[in-house]
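Raw query_34.cif, mmCIF, C-alpha atoms (C1' of nucleotides):
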```cif
data_entry
#
loop_
_atom_site.label_atom_id
_atom_site.label_comp_id
_atom_site.auth_asym_id
_atom_site.auth_seq_id
_atom_site.Cartn_x
_atom_site.Cartn_y
_atom_site.Cartn_z
CA MET A 2 81.81 52.02 188.87
CA THR A 3 78.95 53.70 187.03
CA ASP A 4 76.92 52.04 184.30
CA GLY A 5 78.69 53.95 181.55
CA GLU A 6 82.07 53.08 182.94
CA SER A 7 81.10 49.46 183.24
CA ARG A 8 79.91 49.41 179.65
CA PHE A 9 83.15 50.93 178.45
CA VAL A 10 85.21 48.43 180.40
CA GLU A 11 83.19 45.54 179.06
CA GLU A 12 83.37 46.73 175.47
CA MET A 13 87.11 47.17 175.73
CA GLY A 14 87.23 43.59 176.92
CA GLN A 15 85.35 42.41 173.87
CA MET A 16 87.40 44.54 171.53
CA LEU A 17 90.80 43.38 172.72
CA ALA A 18 89.47 39.84 172.83
CA SER A 19 88.54 40.11 169.18
CA TYR A 20 92.14 41.04 168.44
CA GLY A 21 93.71 38.08 170.16
CA MET A 22 94.03 39.18 173.75
CA THR A 23 91.83 37.94 176.57
CA PRO A 24 88.65 39.73 177.61
CA MET A 25 90.14 40.24 181.04
CA ALA A 26 93.12 42.03 179.53
CA GLY A 27 90.78 44.42 177.78
CA ARG A 28 88.71 45.01 180.87
CA MET A 29 91.74 45.67 182.99
CA TRP A 30 93.31 48.02 180.47
CA GLY A 31 90.02 49.83 179.98
CA TRP A 32 89.57 50.23 183.69
CA LEU A 33 93.08 51.57 184.15
CA LEU A 34 92.35 54.14 181.47
CA ILE A 35 89.43 55.68 183.35
CA CYS A 36 89.84 54.76 186.99
CA GLU A 37 90.44 57.15 189.83
CA PRO A 38 93.01 57.32 191.20
CA GLU A 39 95.21 56.53 188.27
CA GLU A 40 97.17 53.89 190.17
CA GLN A 41 95.36 50.89 191.52
CA THR A 42 96.37 47.83 193.47
CA ALA A 43 95.61 44.31 192.32
CA ALA A 44 93.01 43.99 195.02
CA GLU A 45 91.24 47.16 193.94
CA ILE A 46 91.19 46.03 190.33
CA ALA A 47 89.94 42.57 191.21
CA ASP A 48 87.19 44.17 193.22
CA ALA A 49 86.19 46.63 190.52
CA LEU A 50 86.08 43.97 187.81
CA HIS A 51 84.59 41.24 189.99
CA ALA A 52 87.48 39.02 189.01
CA SER A 53 89.67 36.60 190.91
CA ARG A 54 93.13 37.48 192.15
CA GLY A 55 94.59 34.83 189.92
CA ALA A 56 93.11 36.35 186.81
CA ILE A 57 94.43 39.79 187.72
CA SER A 58 97.88 38.42 188.36
CA GLY A 59 98.17 36.65 185.05
CA THR A 60 96.60 39.47 183.11
CA ALA A 61 98.81 42.06 184.76
CA ARG A 62 101.87 40.17 183.65
CA LEU A 63 100.55 39.91 180.11
CA LEU A 64 99.80 43.62 179.90
CA ALA A 65 103.01 44.69 181.56
CA THR A 66 105.10 42.49 179.27
CA SER A 67 103.58 44.04 176.19
CA GLY A 68 104.05 47.49 177.68
CA MET A 69 100.40 48.39 177.90
CA ILE A 70 100.44 49.02 181.62
CA ARG A 71 103.07 49.98 184.16
CA ARG A 72 103.67 48.40 187.53
CA SER A 73 105.17 50.48 190.28
CA THR A 74 105.92 50.07 193.95
CA ARG A 75 106.21 52.39 196.90
CA ARG A 76 108.65 52.32 199.76
CA GLY A 77 107.33 50.50 202.75
CA ASP A 78 104.34 49.20 200.85
CA ARG A 79 104.43 45.70 199.61
CA ARG A 80 101.57 46.19 197.24
CA GLU A 81 102.07 46.80 193.56
CA TYR A 82 100.32 49.64 191.81
CA PHE A 83 99.17 49.36 188.21
CA SER A 84 98.47 52.20 185.85
CA ALA A 85 98.04 53.00 182.16
CA PRO A 86 99.63 56.42 181.71
CA PRO A 87 99.71 58.02 178.24
CA GLU A 88 103.22 56.76 177.58
CA THR A 89 101.94 53.20 177.45
CA LEU A 90 99.96 54.14 174.36
CA ASP A 91 103.15 54.06 172.37
CA SER A 92 103.61 50.42 173.25
CA PHE A 93 100.08 49.65 172.35
CA LEU A 94 100.40 51.22 168.94
CA ALA A 95 103.74 49.58 168.33
CA ASN A 96 102.09 46.31 169.21
CA ALA A 97 99.34 46.96 166.71
CA GLY A 98 101.91 47.87 164.10
CA ARG A 99 103.62 44.58 164.61
CA MET A 100 100.76 42.97 162.76
CA TYR A 101 102.08 44.42 159.54
CA SER A 102 105.55 43.00 159.94
CA GLN A 103 104.15 39.62 160.81
CA PHE A 104 102.19 39.56 157.59
CA ARG A 105 105.15 40.78 155.62
CA ALA A 106 107.37 38.06 157.05
CA LEU A 107 104.77 35.41 156.42
CA SER A 108 104.34 36.40 152.81
CA GLU A 109 108.10 36.26 152.34
CA ARG A 110 108.00 32.65 153.46
CA GLY A 111 105.07 31.97 151.19
CA LEU A 112 106.97 33.42 148.30
CA GLU A 113 109.92 31.17 149.03
CA ALA A 114 107.63 28.18 149.05
CA ILE A 115 106.65 28.83 145.45
CA ALA A 116 109.95 30.29 144.26
CA ASP A 117 110.13 27.93 141.30
CA ARG A 118 106.79 28.95 139.87
CA PRO A 119 106.45 31.14 136.80
CA PRO A 120 106.32 34.86 137.57
CA GLU A 121 102.66 35.20 136.76
CA SER A 122 101.85 32.71 139.48
CA LYS A 123 103.74 34.69 142.09
CA ARG A 124 101.99 37.94 141.43
CA ARG A 125 99.41 37.65 144.15
CA ILE A 126 101.75 36.99 147.01
CA GLU A 127 104.33 39.44 145.78
CA GLU A 128 101.71 42.11 145.93
CA LEU A 129 100.88 41.04 149.45
CA ARG A 130 104.49 41.29 150.49
CA ASP A 131 105.03 44.64 148.85
CA VAL A 132 102.03 46.34 150.32
CA PHE A 133 102.79 45.11 153.80
CA ALA A 134 106.41 46.07 153.51
CA PHE A 135 105.26 49.53 152.61
CA VAL A 136 102.80 49.84 155.43
CA GLU A 137 105.27 48.35 157.86
CA ARG A 138 107.62 51.21 157.09
CA GLU A 139 105.10 54.01 156.87
CA VAL A 140 102.69 53.48 159.73
CA PRO A 141 105.33 53.97 162.44
CA ALA A 142 106.32 57.13 160.62
CA VAL A 143 102.73 58.33 160.80
CA ILE A 144 102.59 57.67 164.52
CA ASP A 145 105.89 59.43 165.06
CA ARG A 146 104.59 62.39 163.17
CA PHE A 147 101.55 62.54 165.41
CA LEU A 148 103.61 62.43 168.55
CA ARG A 149 105.92 65.11 167.27
CA GLU A 150 103.12 67.40 166.14
CA ARG A 151 101.39 66.99 169.42
CA ALA A 152 104.54 67.74 171.34
CA GLY A 153 105.00 70.90 169.31
CA ALA A 154 101.50 72.32 169.34
CA ALA A 155 100.31 71.62 172.86
CA GLY A 156 96.60 72.03 173.44
CA ARG A 157 95.61 72.69 169.88
CA GLU A 158 92.47 70.61 170.20
CA ALA A 159 89.45 71.02 172.42
CA GLY A 160 89.43 70.46 176.14
CA GLY A 161 93.07 71.12 176.35
CA ALA A 162 93.41 71.18 180.08
CA GLY A 163 96.27 69.03 181.18
CA LYS A 164 97.88 68.25 177.89
CA GLU A 165 101.20 69.86 178.44
CA ALA A 166 102.72 66.44 178.72
CA GLY A 167 104.81 66.21 175.62
CA ALA A 168 104.85 62.99 173.74
CA ALA A 169 108.38 63.04 172.49
CA GLY A 170 110.29 63.76 175.62
CA ARG A 171 108.57 61.50 178.05
CA LYS A 172 109.56 62.06 181.61
CA GLU A 173 109.68 59.54 184.39
CA MET B 13 100.65 20.79 147.83
CA THR B 14 104.32 20.81 148.77
CA ASP B 15 105.61 20.95 152.33
CA GLY B 16 106.53 24.59 152.06
CA GLU B 17 103.13 25.49 150.66
CA SER B 18 101.41 23.52 153.37
CA ARG B 19 103.42 25.29 156.03
CA PHE B 20 102.53 28.67 154.59
CA VAL B 21 98.85 27.79 154.45
CA GLU B 22 98.89 26.56 158.02
CA GLU B 23 100.71 29.60 159.34
CA MET B 24 98.30 31.91 157.59
CA GLY B 25 95.55 29.98 159.35
CA GLN B 26 97.14 30.61 162.70
CA MET B 27 97.83 34.23 161.95
CA LEU B 28 94.32 35.16 160.86
CA ALA B 29 92.97 33.10 163.75
CA SER B 30 95.01 35.21 166.15
CA TYR B 31 93.31 38.28 164.72
CA GLY B 32 89.78 37.10 165.20
CA MET B 33 89.06 35.10 162.07
CA THR B 34 88.86 31.34 161.95
CA PRO B 35 91.88 29.16 161.14
CA MET B 36 90.02 27.84 158.14
CA ALA B 37 89.57 31.36 156.79
CA GLY B 38 93.30 31.89 157.00
CA ARG B 39 94.08 28.57 155.36
CA MET B 40 91.67 29.20 152.54
CA TRP B 41 92.92 32.71 151.91
CA GLY B 42 96.52 31.56 152.06
CA TRP B 43 95.84 28.77 149.63
CA LEU B 44 94.09 31.08 147.19
CA LEU B 45 97.14 33.34 147.31
CA ILE B 46 99.50 30.64 146.05
CA CYS B 47 97.41 28.03 144.29
CA GLU B 48 97.55 27.15 140.64
CA PRO B 49 95.42 27.86 138.77
CA GLU B 50 94.36 31.08 140.41
CA GLU B 51 90.70 30.12 140.42
CA GLN B 52 89.60 27.08 142.34
CA THR B 53 86.29 25.37 142.94
CA ALA B 54 84.97 24.62 146.41
CA ALA B 55 85.67 20.94 145.83
CA GLU B 56 89.28 21.59 144.87
CA ILE B 57 89.82 23.76 147.93
CA ALA B 58 88.20 21.25 150.25
CA ASP B 59 90.45 18.60 148.81
CA ALA B 60 93.61 20.68 149.10
CA LEU B 61 92.94 21.68 152.68
CA HIS B 62 91.50 18.33 153.78
CA ALA B 63 88.42 20.17 154.97
CA SER B 64 84.73 19.45 154.79
CA ARG B 65 82.44 21.00 152.20
CA GLY B 66 80.50 22.66 154.95
CA ALA B 67 83.54 24.43 156.31
CA ILE B 68 84.48 25.69 152.85
CA SER B 69 80.99 26.94 152.23
CA GLY B 70 80.79 28.94 155.43
CA THR B 71 84.33 30.22 155.18
CA ALA B 72 83.88 31.27 151.58
CA ARG B 73 80.93 33.38 152.55
CA LEU B 74 82.87 34.97 155.38
CA LEU B 75 85.81 35.82 153.16
CA ALA B 76 83.70 37.01 150.28
CA THR B 77 81.62 39.24 152.52
CA SER B 78 84.69 40.97 153.87
CA GLY B 79 86.04 41.30 150.36
CA MET B 80 89.09 39.14 150.82
CA ILE B 81 88.22 36.72 148.03
CA ARG B 82 86.16 36.89 144.88
CA ARG B 83 83.60 34.39 143.70
CA SER B 84 82.95 34.04 140.00
CA THR B 85 80.93 31.77 137.78
CA ARG B 86 81.20 30.58 134.20
CA ARG B 87 78.49 30.05 131.62
CA GLY B 88 77.30 26.52 131.50
CA ASP B 89 79.20 25.59 134.64
CA ARG B 90 77.29 25.43 137.85
CA ARG B 91 80.39 25.46 139.96
CA GLU B 92 81.68 28.59 141.63
CA TYR B 93 85.28 29.63 141.31
CA PHE B 94 87.10 31.36 144.13
CA SER B 95 90.20 33.49 143.84
CA ALA B 96 92.22 36.09 145.69
CA PRO B 97 93.42 38.51 143.03
CA PRO B 98 95.55 41.50 144.03
CA GLU B 99 92.54 43.82 144.14
CA THR B 100 91.21 41.98 147.15
CA LEU B 101 94.20 43.20 149.11
CA ASP B 102 92.60 46.61 149.32
CA SER B 103 89.67 45.15 151.20
CA PHE B 104 91.97 43.31 153.51
CA LEU B 105 93.88 46.45 154.37
CA ALA B 106 90.73 48.48 154.74
CA ASN B 107 89.52 45.83 157.10
CA ALA B 108 92.70 46.09 159.12
CA GLY B 109 92.35 49.85 159.17
CA ARG B 110 88.90 49.54 160.65
CA MET B 111 90.60 48.59 163.87
CA TYR B 112 91.67 52.17 164.36
CA SER B 113 88.20 53.64 163.95
CA GLN B 114 86.77 51.06 166.29
CA PHE B 115 89.20 52.07 168.98
CA ARG B 116 88.58 55.73 168.34
CA ALA B 117 84.83 55.25 168.64
CA LEU B 118 85.20 53.20 171.78
CA SER B 119 87.37 55.79 173.45
CA GLU B 120 84.80 58.47 172.59
CA ARG B 121 82.25 56.47 174.49
CA GLY B 122 84.63 55.99 177.35
CA LEU B 123 85.23 59.69 177.50
CA GLU B 124 81.50 60.33 177.64
CA ALA B 125 81.23 57.92 180.51
CA ILE B 126 83.54 60.05 182.62
CA ALA B 127 82.58 63.43 181.22
CA ASP B 128 81.97 64.88 184.66
CA ARG B 129 85.43 64.10 185.94
CA PRO B 130 88.10 66.74 186.41
CA PRO B 131 90.27 67.30 183.32
CA GLU B 132 93.31 65.66 184.81
CA SER B 133 91.36 62.45 185.16
CA LYS B 134 90.40 62.43 181.51
CA ARG B 135 93.90 62.83 180.20
CA ARG B 136 94.57 59.15 179.58
CA ILE B 137 91.55 58.44 177.50
CA GLU B 138 91.70 61.73 175.66
CA GLU B 139 95.17 60.83 174.53
CA LEU B 140 93.86 57.46 173.38
CA ARG B 141 91.11 59.10 171.37
CA ASP B 142 93.41 61.68 169.83
CA VAL B 143 96.06 59.28 168.66
CA PHE B 144 93.55 56.90 167.16
CA ALA B 145 91.69 59.70 165.46
CA PHE B 146 94.94 60.75 163.89
CA VAL B 147 95.92 57.28 162.77
CA GLU B 148 92.42 56.64 161.51
CA ARG B 149 92.81 59.61 159.19
CA GLU B 150 96.38 59.03 158.11
CA VAL B 151 96.71 55.31 157.55
CA PRO B 152 94.24 55.12 154.67
CA ALA B 153 96.13 58.00 153.09
CA VAL B 154 99.33 56.01 153.36
CA ILE B 155 97.75 53.01 151.69
CA ASP B 156 96.31 55.16 148.94
CA ARG B 157 99.70 56.61 148.32
CA PHE B 158 101.19 53.15 147.95
CA LEU B 159 98.55 52.04 145.51
CA ARG B 160 98.95 55.18 143.45
CA GLU B 161 102.73 55.00 143.37
CA ARG B 162 102.59 51.38 142.37
CA ALA B 163 100.05 51.99 139.66
CA GLY B 164 102.21 54.75 138.25
CA ALA B 165 105.63 53.21 138.53
CA ALA B 166 105.09 49.52 137.91
CA GLY B 167 104.30 48.08 134.53
CA ARG B 168 102.04 45.24 135.42
CA GLU B 169 103.09 43.30 132.36
CA ALA B 170 106.76 44.09 132.95
CA GLY B 171 107.07 40.80 134.73
CA GLY B 172 106.32 39.56 138.20
CA ALA B 173 109.81 40.19 139.49
CA GLY B 174 109.07 43.88 139.82
CA LYS B 175 109.64 44.19 143.50
CA GLU B 176 110.08 47.92 143.37
CA ALA B 177 107.88 48.80 146.25
CA GLY B 178 107.69 52.45 145.50
CA ALA B 179 107.89 53.87 148.99
CA ALA B 180 110.73 56.06 147.97
CA GLY B 181 110.01 59.41 149.41
CA ARG B 182 109.10 60.66 152.74
CA LYS B 183 111.29 58.98 155.27
CA GLU B 184 114.58 60.73 155.66
"C1'" DT C 4 60.93 14.47 134.33
"C1'" DA C 5 64.49 11.78 136.38
"C1'" DG C 6 68.94 12.04 137.87
"C1'" DA C 7 73.29 14.03 138.91
"C1'" DA C 8 76.26 17.65 140.50
"C1'" DC C 9 76.88 21.34 143.43
"C1'" DG C 10 76.00 24.42 147.33
"C1'" DT C 11 74.01 25.33 151.93
"C1'" DT C 12 72.39 24.41 156.50
"C1'" DC C 13 72.60 22.58 161.03
"C1'" DA C 14 72.94 19.42 164.94
"C1'" DG C 15 76.67 17.31 167.38
"C1'" DC C 16 81.44 16.58 168.64
"C1'" DA C 17 85.72 17.88 170.26
"C1'" DT C 18 88.91 21.18 171.34
"C1'" DT C 19 90.42 25.23 173.27
"C1'" DG C 20 91.35 28.42 176.69
"C1'" DA C 21 89.71 31.91 180.03
"C1'" DC C 22 88.57 32.19 184.61
"C1'" DT C 23 88.10 30.48 189.50
"C1'" DG C 24 89.72 29.33 193.93
"C1'" DA C 25 92.79 27.30 196.95
"C1'" DA C 26 97.47 26.32 198.16
"C1'" DA C 27 102.27 27.75 198.07
"C1'" DC C 28 105.45 31.36 198.19
"C1'" DT C 29 107.36 35.94 199.44
"C1'" DT C 30 107.81 40.12 201.85
"C1'" DC C 31 106.68 43.34 205.54
"C1'" DT C 32 105.26 44.31 210.58
"C1'" DG C 33 105.02 43.74 215.69
"C1'" DC D 12 110.52 34.74 214.96
"C1'" DA D 13 105.69 34.48 214.31
"C1'" DG D 14 101.94 36.23 212.08
"C1'" DA D 15 99.78 39.05 208.58
"C1'" DA D 16 99.29 40.92 204.04
"C1'" DG D 17 100.07 40.44 199.24
"C1'" DT D 18 101.20 37.87 195.06
"C1'" DT D 19 101.86 33.93 192.10
"C1'" DT D 20 100.98 29.35 190.55
"C1'" DC D 21 98.16 25.64 189.02
"C1'" DA D 22 94.70 22.05 188.64
"C1'" DG D 23 89.89 21.94 187.57
"C1'" DT D 24 85.59 23.78 185.54
"C1'" DC D 25 82.86 25.62 182.22
"C1'" DA D 26 81.47 28.18 178.25
"C1'" DA D 27 82.54 29.32 173.54
"C1'" DT D 28 83.14 27.87 168.96
"C1'" DG D 29 85.41 25.77 164.85
"C1'" DC D 30 84.82 21.84 162.22
"C1'" DT D 31 82.55 17.52 160.52
"C1'" DG D 32 79.20 15.02 158.02
"C1'" DA D 33 74.76 14.09 156.66
"C1'" DA D 34 70.37 15.82 155.12
"C1'" DC D 35 68.20 19.20 152.34
"C1'" DG D 36 67.58 22.57 148.56
"C1'" DT D 37 68.72 24.02 143.95
"C1'" DT D 38 70.25 24.15 139.26
"C1'" DC D 39 71.76 21.99 135.07
"C1'" DT D 40 71.85 17.74 131.76
"C1'" DA D 41 69.99 13.66 129.19
#
```

Since I need it in another form, could you write the structure as structure tokens?
Amino acid sequence: MTDGESRFVEEMGQMLASYGMTPMAGRMWGWLLICEPEEQTAAEIADALHASRGAISGTARLLATSGMIRRSTRRGDRREYFSAPPETLDSFLANAGRMYSQFRALSERGLEAIADRPPESKRRIEELRDVFAFVEREVPAVIDRFLRERAGAAGREAGGAGKEAGAAGRKE
Amino acid sequence: MTDGESRFVEEMGQMLASYGMTPMAGRMWGWLLICEPEEQTAAEIADALHASRGAISGTARLLATSGMIRRSTRRGDRREYFSAPPETLDSFLANAGRMYSQFRALSERGLEAIADRPPESKRRIEELRDVFAFVEREVPAVIDRFLRERAGAAGREAGGAGKEAGAAGRKE
DNA sequence: TAGAACGTTCAGCATTGACTGAAACTTCTG
DNA sequence: CAGAAGTTTCAGTCAATGCTGAACGTTCTA
């Protein structure tokens, strides 16, 4: 792993850590986004990240459960191969979007807790609920729109080498 | 503070903590969203949350810096009053939206780190950059639209019960 | 100018939780 | 079946950090 790659992997670790995941989850995801070949075994990942097998195992489960990586196997090979193909991005974004619904739900509960207050007193938390309800609805629509536009106009942007992979009709 | 209020405050603590802030920041913000009167002194907050003065002081600075609460003073009163009026929501959302630009910037750097790779190898991280660049542009627009629709459609003095969240249009 | 009220700072404590490394478990090969 | 290769589990360690509480600094009142 080059210096630049290592820096990227480490920064991804810090970034995901700052959003509630573990540093190792960020490092592993970051590595799977840039590694070559695309699919890597647990041993290869542990080696690249200088991490223990145990850490890789637990982290792999975490990432796979939330859809951020994919695990696959090959006939006659007991090893598991991990990868972060573009499709997993959808899961990652959906995960990020979940934040909005969590806040919306929480503010609903807060509003119930002060249901007997005069209207003026409920203004703050009602605003919170309304804005999150709005964003909760609209952000997924924005992401959908991106995926659809991208699927339609393939290679509109720079460096458009291998971008024929449509976003909408993901293949296996 | 009633049981329901206490539960809300505590859950907000956990939620903001899971997104990188401290539990105390979440508790304080949650409390300022539902407390009565709207403006509270540091002493009142410390009392309500059973927290030390030191914790309130540090947390208040954190929240005020990121725009999530407002500090105000009154003539002839040395105390500071804290509040979380609806306007502060904008800062909170803008803060949340920063996540997208951080990821976009990080993936730019990752892409630079593997600039010499064959195009096929860069596909994953290019997709990451593209989708975040798109969301980074579009999400603020969505929020703006909400704020504008609300400002236009909702009479602020028409009573707190106005839960009309705007949001009518675009989704079919 | 005292004295009081309020806010801030900081060392120390306690908790949390991420990671390690070894042992147990499972699956493939000879 | 026996051994090897790979994965998971888990107790223990260690670093990170949120909070407390007391000391200090600052501003207003009598």

Least-squares fit on all C-alpha atoms, paired in order: put chain A onto chain B and return it as a compact mmCIF listing (two decimals) with C-alpha atoms, in the frame of the given file.
```txt
# COMPACT_ATOMS: atom_id res chain seq x y z
CA MET A 2 100.67 20.93 148.24
CA THR A 3 104.28 20.75 149.38
CA ASP A 4 105.36 20.74 153.01
CA GLY A 5 106.46 24.36 152.90
CA GLU A 6 103.22 25.43 151.33
CA SER A 7 101.25 23.49 153.88
CA ARG A 8 103.18 25.10 156.70
CA PHE A 9 102.54 28.55 155.30
CA VAL A 10 98.84 27.87 154.92
CA GLU A 11 98.60 26.55 158.45
CA GLU A 12 100.51 29.45 159.95
CA MET A 13 98.32 31.92 158.13
CA GLY A 14 95.38 30.13 159.67
CA GLN A 15 96.80 30.57 163.13
CA MET A 16 97.72 34.17 162.51
CA LEU A 17 94.34 35.30 161.26
CA ALA A 18 92.72 33.27 164.01
CA SER A 19 94.73 35.20 166.57
CA TYR A 20 93.30 38.40 165.12
CA GLY A 21 89.67 37.40 165.38
CA MET A 22 89.02 35.52 162.18
CA THR A 23 88.64 31.76 161.95
CA PRO A 24 91.58 29.45 161.25
CA MET A 25 89.82 28.29 158.12
CA ALA A 26 89.64 31.85 156.84
CA GLY A 27 93.37 32.18 157.26
CA ARG A 28 94.08 28.87 155.60
CA MET A 29 91.87 29.68 152.67
CA TRP A 30 93.32 33.14 152.19
CA GLY A 31 96.85 31.81 152.52
CA TRP A 32 96.17 29.11 149.99
CA LEU A 33 94.68 31.56 147.52
CA LEU A 34 97.82 33.66 147.84
CA ILE A 35 100.13 30.89 146.66
CA CYS A 36 98.01 28.42 144.73
CA GLU A 37 98.32 27.62 141.07
CA PRO A 38 96.33 28.48 139.12
CA GLU A 39 95.35 31.70 140.76
CA GLU A 40 91.63 30.94 140.54
CA GLN A 41 90.28 27.91 142.30
CA THR A 42 86.87 26.35 142.67
CA ALA A 43 85.32 25.56 146.03
CA ALA A 44 85.88 21.89 145.42
CA GLU A 45 89.56 22.38 144.68
CA ILE A 46 90.02 24.45 147.81
CA ALA A 47 88.15 21.97 149.98
CA ASP A 48 90.35 19.25 148.61
CA ALA A 49 93.59 21.14 149.12
CA LEU A 50 92.74 22.10 152.69
CA HIS A 51 91.09 18.80 153.61
CA ALA A 52 88.03 20.74 154.66
CA SER A 53 84.32 20.20 154.22
CA ARG A 54 82.28 21.95 151.56
CA GLY A 55 80.26 23.65 154.24
CA ALA A 56 83.30 25.21 155.82
CA ILE A 57 84.51 26.52 152.46
CA SER A 58 81.14 27.99 151.69
CA GLY A 59 80.84 29.90 154.92
CA THR A 60 84.44 31.00 154.91
CA ALA A 61 84.25 32.15 151.31
CA ARG A 62 81.35 34.39 152.17
CA LEU A 63 83.20 35.82 155.14
CA LEU A 64 86.31 36.57 153.10
CA ALA A 65 84.42 37.93 150.14
CA THR A 66 82.33 40.22 152.33
CA SER A 67 85.40 41.75 153.88
CA GLY A 68 86.98 42.09 150.45
CA MET A 69 89.87 39.76 151.05
CA ILE A 70 89.04 37.46 148.18
CA ARG A 71 87.15 37.80 144.91
CA ARG A 72 84.55 35.45 143.53
CA SER A 73 84.10 35.22 139.80
CA THR A 74 82.10 33.12 137.39
CA ARG A 75 82.53 32.01 133.82
CA ARG A 76 79.95 31.70 131.10
CA GLY A 77 78.55 28.24 130.82
CA ASP A 78 80.21 27.13 134.02
CA ARG A 79 78.16 26.97 137.11
CA ARG A 80 81.13 26.80 139.38
CA GLU A 81 82.46 29.81 141.21
CA TYR A 82 86.13 30.67 141.12
CA PHE A 83 87.88 32.25 144.09
CA SER A 84 91.08 34.23 144.02
CA ALA A 85 93.14 36.68 146.07
CA PRO A 86 94.62 39.08 143.52
CA PRO A 87 96.83 41.96 144.71
CA GLU A 88 93.92 44.39 144.70
CA THR A 89 92.34 42.54 147.60
CA LEU A 90 95.30 43.59 149.73
CA ASP A 91 93.85 47.05 149.93
CA SER A 92 90.76 45.67 151.59
CA PHE A 93 92.80 43.68 153.97
CA LEU A 94 94.82 46.67 155.06
CA ALA A 95 91.74 48.84 155.32
CA ASN A 96 90.26 46.15 157.51
CA ALA A 97 93.31 46.19 159.72
CA GLY A 98 93.16 49.95 159.89
CA ARG A 99 89.62 49.77 161.11
CA MET A 100 90.98 48.62 164.43
CA TYR A 101 92.20 52.12 165.10
CA SER A 102 88.86 53.75 164.51
CA GLN A 103 87.14 51.21 166.68
CA PHE A 104 89.44 52.05 169.55
CA ARG A 105 89.03 55.74 168.96
CA ALA A 106 85.25 55.45 169.01
CA LEU A 107 85.31 53.33 172.12
CA SER A 108 87.48 55.78 173.99
CA GLU A 109 85.12 58.59 173.02
CA ARG A 110 82.32 56.68 174.70
CA GLY A 111 84.50 56.04 177.71
CA LEU A 112 85.24 59.71 177.96
CA GLU A 113 81.55 60.52 177.89
CA ALA A 114 80.96 58.07 180.69
CA ILE A 115 83.24 60.04 182.98
CA ALA A 116 82.52 63.50 181.59
CA ASP A 117 81.77 64.92 185.02
CA ARG A 118 85.10 63.94 186.51
CA PRO A 119 87.86 66.45 187.20
CA PRO A 120 90.24 66.96 184.28
CA GLU A 121 93.10 65.15 185.93
CA SER A 122 91.00 62.02 186.08
CA LYS A 123 90.27 62.12 182.37
CA ARG A 124 93.86 62.36 181.30
CA ARG A 125 94.41 58.70 180.65
CA ILE A 126 91.49 58.14 178.35
CA GLU A 127 91.93 61.44 176.60
CA GLU A 128 95.40 60.38 175.69
CA LEU A 129 94.02 57.12 174.39
CA ARG A 130 91.52 58.92 172.23
CA ASP A 131 94.03 61.40 170.89
CA VAL A 132 96.64 58.90 169.90
CA PHE A 133 94.14 56.69 168.15
CA ALA A 134 92.57 59.60 166.39
CA PHE A 135 95.99 60.48 165.11
CA VAL A 136 96.84 57.01 163.96
CA GLU A 137 93.41 56.58 162.44
CA ARG A 138 94.13 59.54 160.20
CA GLU A 139 97.75 58.83 159.42
CA VAL A 140 97.98 55.12 158.77
CA PRO A 141 95.71 55.21 155.70
CA ALA A 142 97.85 58.06 154.45
CA VAL A 143 100.93 55.88 154.85
CA ILE A 144 99.32 53.07 152.90
CA ASP A 145 98.23 55.45 150.17
CA ARG A 146 101.74 56.75 149.93
CA PHE A 147 103.05 53.23 149.47
CA LEU A 148 100.59 52.46 146.74
CA ARG A 149 101.38 55.68 144.96
CA GLU A 150 105.14 55.25 145.21
CA ARG A 151 104.87 51.75 143.96
CA ALA A 152 102.72 52.79 141.06
CA GLY A 153 105.27 55.42 140.13
CA ALA A 154 108.49 53.48 140.45
CA ALA A 155 107.60 50.09 139.04
CA GLY A 156 110.08 47.32 139.74
CA ARG A 157 112.36 49.26 142.01
CA GLU A 158 112.84 46.31 144.32
CA ALA A 159 114.33 42.90 143.69
CA GLY A 160 112.71 40.20 141.63
CA GLY A 161 110.75 42.71 139.73
CA ALA A 162 109.33 40.43 137.11
CA GLY A 163 105.64 40.96 136.77
CA LYS A 164 105.16 44.04 138.85
CA GLU A 165 103.95 46.38 136.22
CA ALA A 166 100.52 46.19 137.74
CA GLY A 167 100.06 49.62 139.16
CA ALA A 168 98.44 49.95 142.51
CA ALA A 169 96.62 53.19 142.01
CA GLY A 170 94.84 52.57 138.78
CA ARG A 171 93.58 49.09 139.31
CA LYS A 172 92.14 47.51 136.24
CA GLU A 173 89.40 44.96 136.04
```

How many Å lie between CA of Glu56 in chain B and CA of Arg90 in chain B, rounded to one decimal? 14.4 Å

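Shortest atom-to-atom contact with DA8 in chain C among B:Ala55, B:Met40, B:Leu118, B:Leu61: B:Ala55, counting all atoms listed in the file.
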
Contact residues (chain A, partner chain B, 6 Å, only C-alpha atoms) as a PyMOL selection string: chain A and resi 5-6+9+19-21+34+87+111+114+120-121+124-126+131+162-163

Residue subset to file, keeping C-alpha atoms, as a short mmCIF file (atom, residue, chain, number, x, y, z; two decimals), keeping the file's coordinate frame:
```
data_model
loop_
_atom_site.label_atom_id
_atom_site.label_comp_id
_atom_site.auth_asym_id
_atom_site.auth_seq_id
_atom_site.Cartn_x
_atom_site.Cartn_y
_atom_site.Cartn_z
CA GLY A 5 78.69 53.95 181.55
CA GLU A 6 82.07 53.08 182.94
CA PHE A 9 83.15 50.93 178.45
CA SER A 19 88.54 40.11 169.18
CA TYR A 20 92.14 41.04 168.44
CA GLY A 21 93.71 38.08 170.16
CA LEU A 34 92.35 54.14 181.47
CA PRO A 87 99.71 58.02 178.24
CA GLY A 111 105.07 31.97 151.19
CA ALA A 114 107.63 28.18 149.05
CA PRO A 120 106.32 34.86 137.57
CA GLU A 121 102.66 35.20 136.76
CA ARG A 124 101.99 37.94 141.43
CA ARG A 125 99.41 37.65 144.15
CA ILE A 126 101.75 36.99 147.01
CA ASP A 131 105.03 44.64 148.85
CA ALA A 162 93.41 71.18 180.08
CA GLY A 163 96.27 69.03 181.18
#
```
